[in-house]
Every structure is written in C-alpha cells, then in structure tokens.
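Notes follow the structure.
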Amino acid sequence: MRSRGLPWDRGRLARIKQRAGETPAVPGNILEPWNITHGAGSLADGSAVFRERIHPFMQANDIRRGIVIVFNGDLCKVMEFNHHTPGNLRAMVQAKLRNMRTGNQFEHRFRSQDEITQAYINQHEMEYLYSDGHAHHFMNTENFEQVEISEEDLGDSASWLNPGVKLQVQFFEEKPIGIELPKTLRVRIAETEPQVKGATASASYKPAKLENGVTVLVPPFVNEGEEIIVDPSENRYLERAKKE
C-alpha cells in the first residue's frame with residue numbers, strides 16, 4: 001500500500017476538525033507535508049467521516065537513524081547522528097543527512113530543541129527494468145505495476161542500477177521519490193593501477209574505476225578485472241567477492 005501522506009492547507013484542516021467536533025489548532029504556516037492517519041468515524045446524523053490525525057513536529061533531540069525529514073524543502077534521510085554538549089553550551093545534534101532527490105550526503109548541526117518535520121514514506125520492493133534516457137523504470141515484484149523515476153530524482157544512485165536488481169522504491173504522497181539501494185553490491189573493477197610488488201594490506205588505498213563508471217578506493221592488492229563487494233550508499237569498498 002502506498003503512502004497516505006497528503007498535502008495540507010489551512011482551510012481543509014479547519015473543515016475536517018469542525019466536522020469532527022473539534023476546535024482546530026492550526027500551526028502558524030502549514031507549508032510542508034504532514035503525516036495523516038486515517039480512521040473511520042461517524043457524525044451525529046450517521047454520515048461517515050474520516051478522522052485524520054496530524055503528527056506534529058519532532059525535536060532534533062529525538063532524531064534517529066533511518067528516518068526521513070524535510071530539510072530546506074527536500075526530503076533527507078538521517079544516515080548517522082551524535083549528541084554533543086560542548087562545555088557550557090547548549091546540547092547539539094550532529095547529523096549526517098542524505099538528500100533523497102540528489103543522493104548527496106552532507107552534515108548539519110541542530111540545536112537539541114529545534115523543531116523538525118518528519119516525512120512519512122512507504123517502501124515497496126521493486127525490480128529495476130531499464131532506462132529510456134530520461135527516466136528509470138521499476139516493476140513492483142508483487143502486482144507487476146510499473147513506475148518511473150527521473151534521472152534527476154535518483155541522483156548518484158542511478159549509477160548503481162542494473163537490470164534485474166531488486167531494491168526498495170520509496171513513495172511519498174503516492175509518488176515515487178527515490179530508491180534505497182541494497183546494503184551491498186557485487187561489482188567488477190574496470191580500471192586500476194597494477195599491484196606494486198611488496199605492497200601490503202596496510203599500504204595506502206588506490207582508486208579503482210568500476211564497470212558502472214563509479215570510482216572507489218580499494219586496497220593495493222586488488223587488481224583490474226576482479227569482483228569486489230561495495231557499500232553503494234557510501235561508494236565504499238568492503239571486501240573481495242568470493243568466487244562463485
């Protein structure tokens with residue numbers, strides 16, 4: 001089932017609250033998406049009404065890994081976070097975020113009491129099919145429905161797509177907005193410098209260009225043509241791939 005998040009405006013919120021017999025408490029300026037929880041109810045005349053519960057802002061102190069927040073108008077996934085209380089200063093939360101539209105990662109420091117909008121998304125396992133040059137096409141592995149995501153929305157993640165790969169496609173307000181790549185991928189090295197005689201595993205890593213065009217750093221003993229295991233979310237070498 002796809003995301004039930006819906007865009008909000010002040011008038012719609014007031015009407016729903018009024019029908020439900022509640023006094024609306026409207027935030028100052030509703031510009032961002034809110035998470036909506038639907039439930040069946042009824043009015044005094046017996047007519048049906050949907051009760052919708054707004055999930056308010058969360059504080060930065062409650063941030064956790066893996067959630068998606070709205071930051072500077074974009075959906076960003078929290079990759080890592082750490083709480084800091086430097087000296088007599090106020091507590092801070094240092095977070096590493098990944099922009100789900102561009103794929104870029106960056107760090108931001110929040111004050112612990114900063115209010116953050118949490119975005120609620122659904123994920124479905126889908127199989128990557130092909131690219132038509134402008135968008136990438138995916139198929140739901142359960143009902144075989146197909147969706148497409150633009151090259152711009154996928155960002156750097158598009159480099160890791162190969163036909164047949166199964167991954168999680170992320171939906172927000174029923175629209176596919178991005179993908180969550182597998183935690184590890186098996187890839188082949190297309191180009192890298194040959195191993196220097198006498199080099200050890202502790203020697204400096206060297207750049208290696210993969211068949212998909214992505215460059216990662218690998219140990220000096222890894223050679224051109226070998227298959228390796230990488231973490232695609234960080235473009236990071238993990239280990240040599242075992243022979244199949």
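Each chain in the structure tokens gets a letter, A, B, ..., in the order shown, and its residues are numbered from 1; ligands are numbered from 1 in order too.
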Could you pull the residues within 12 Å of Arg186 in chain A, counting only C-alpha atoms, minus those fewer than 2 positions along the same chain, as a list in words?
Trp160, Leu161, Asn162, Val165, Pro182, Lys183, Thr184, Arg188, Ile189, Leu210, Glu211, Asn212, Glu226, Glu227, Ile228, Ile229, Val230, Asp231, Pro232, Arg236, Tyr237, Leu238, Glu239, Arg240, Ala241, Lys242, Lys243 and Glu244 of chain A
Select from range 106-137 of chain A everything DSSP, run on the backbone, classes as strand (DSSP E), then give the selection as a list in words.
Phe106, Glu107, His108, Arg109, Phe110, Arg111, Glu115, Ile116, Thr117, Gln118, Ala119, Asn122, Gln123, His124, Glu125, Met126, Glu127, Tyr128, Leu129, Tyr130, Ser131, Ala135, His136 and His137 of chain A
With C-alpha atoms retained, could you export that selection as a PDB file, in the first residue's frame?
```
ATOM      1  CA  PHE A 106      26.093  16.365   3.987  1.00  0.00           C
ATOM      2  CA  GLU A 107      26.293  17.184   7.685  1.00  0.00           C
ATOM      3  CA  HIS A 108      24.206  19.625   9.675  1.00  0.00           C
ATOM      4  CA  ARG A 109      24.213  20.618  13.325  1.00  0.00           C
ATOM      5  CA  PHE A 110      20.841  21.050  15.016  1.00  0.00           C
ATOM      6  CA  ARG A 111      20.139  22.527  18.416  1.00  0.00           C
ATOM      7  CA  GLU A 115      11.688  21.502  15.587  1.00  0.00           C
ATOM      8  CA  ILE A 116      11.976  19.132  12.621  1.00  0.00           C
ATOM      9  CA  THR A 117       9.292  17.934  10.244  1.00  0.00           C
ATOM     10  CA  GLN A 118       9.386  14.169   9.859  1.00  0.00           C
ATOM     11  CA  ALA A 119       8.262  12.888   6.466  1.00  0.00           C
ATOM     12  CA  ASN A 122       6.344   3.879   2.247  1.00  0.00           C
ATOM     13  CA  GLN A 123       8.719   1.483   0.561  1.00  0.00           C
ATOM     14  CA  HIS A 124       7.986  -1.320  -1.871  1.00  0.00           C
ATOM     15  CA  GLU A 125      10.336  -3.951  -3.227  1.00  0.00           C
ATOM     16  CA  MET A 126      10.683  -3.423  -6.946  1.00  0.00           C
ATOM     17  CA  GLU A 127      12.863  -4.724  -9.752  1.00  0.00           C
ATOM     18  CA  TYR A 128      14.859  -2.363 -11.919  1.00  0.00           C
ATOM     19  CA  LEU A 129      13.956  -2.777 -15.587  1.00  0.00           C
ATOM     20  CA  TYR A 130      15.620  -0.198 -17.823  1.00  0.00           C
ATOM     21  CA  SER A 131      16.380   3.456 -18.560  1.00  0.00           C
ATOM     22  CA  ALA A 135      13.807   8.193 -16.559  1.00  0.00           C
ATOM     23  CA  HIS A 136      14.397   4.817 -14.928  1.00  0.00           C
ATOM     24  CA  HIS A 137      11.660   2.192 -14.873  1.00  0.00           C
TER      25      HIS A 137
END
```
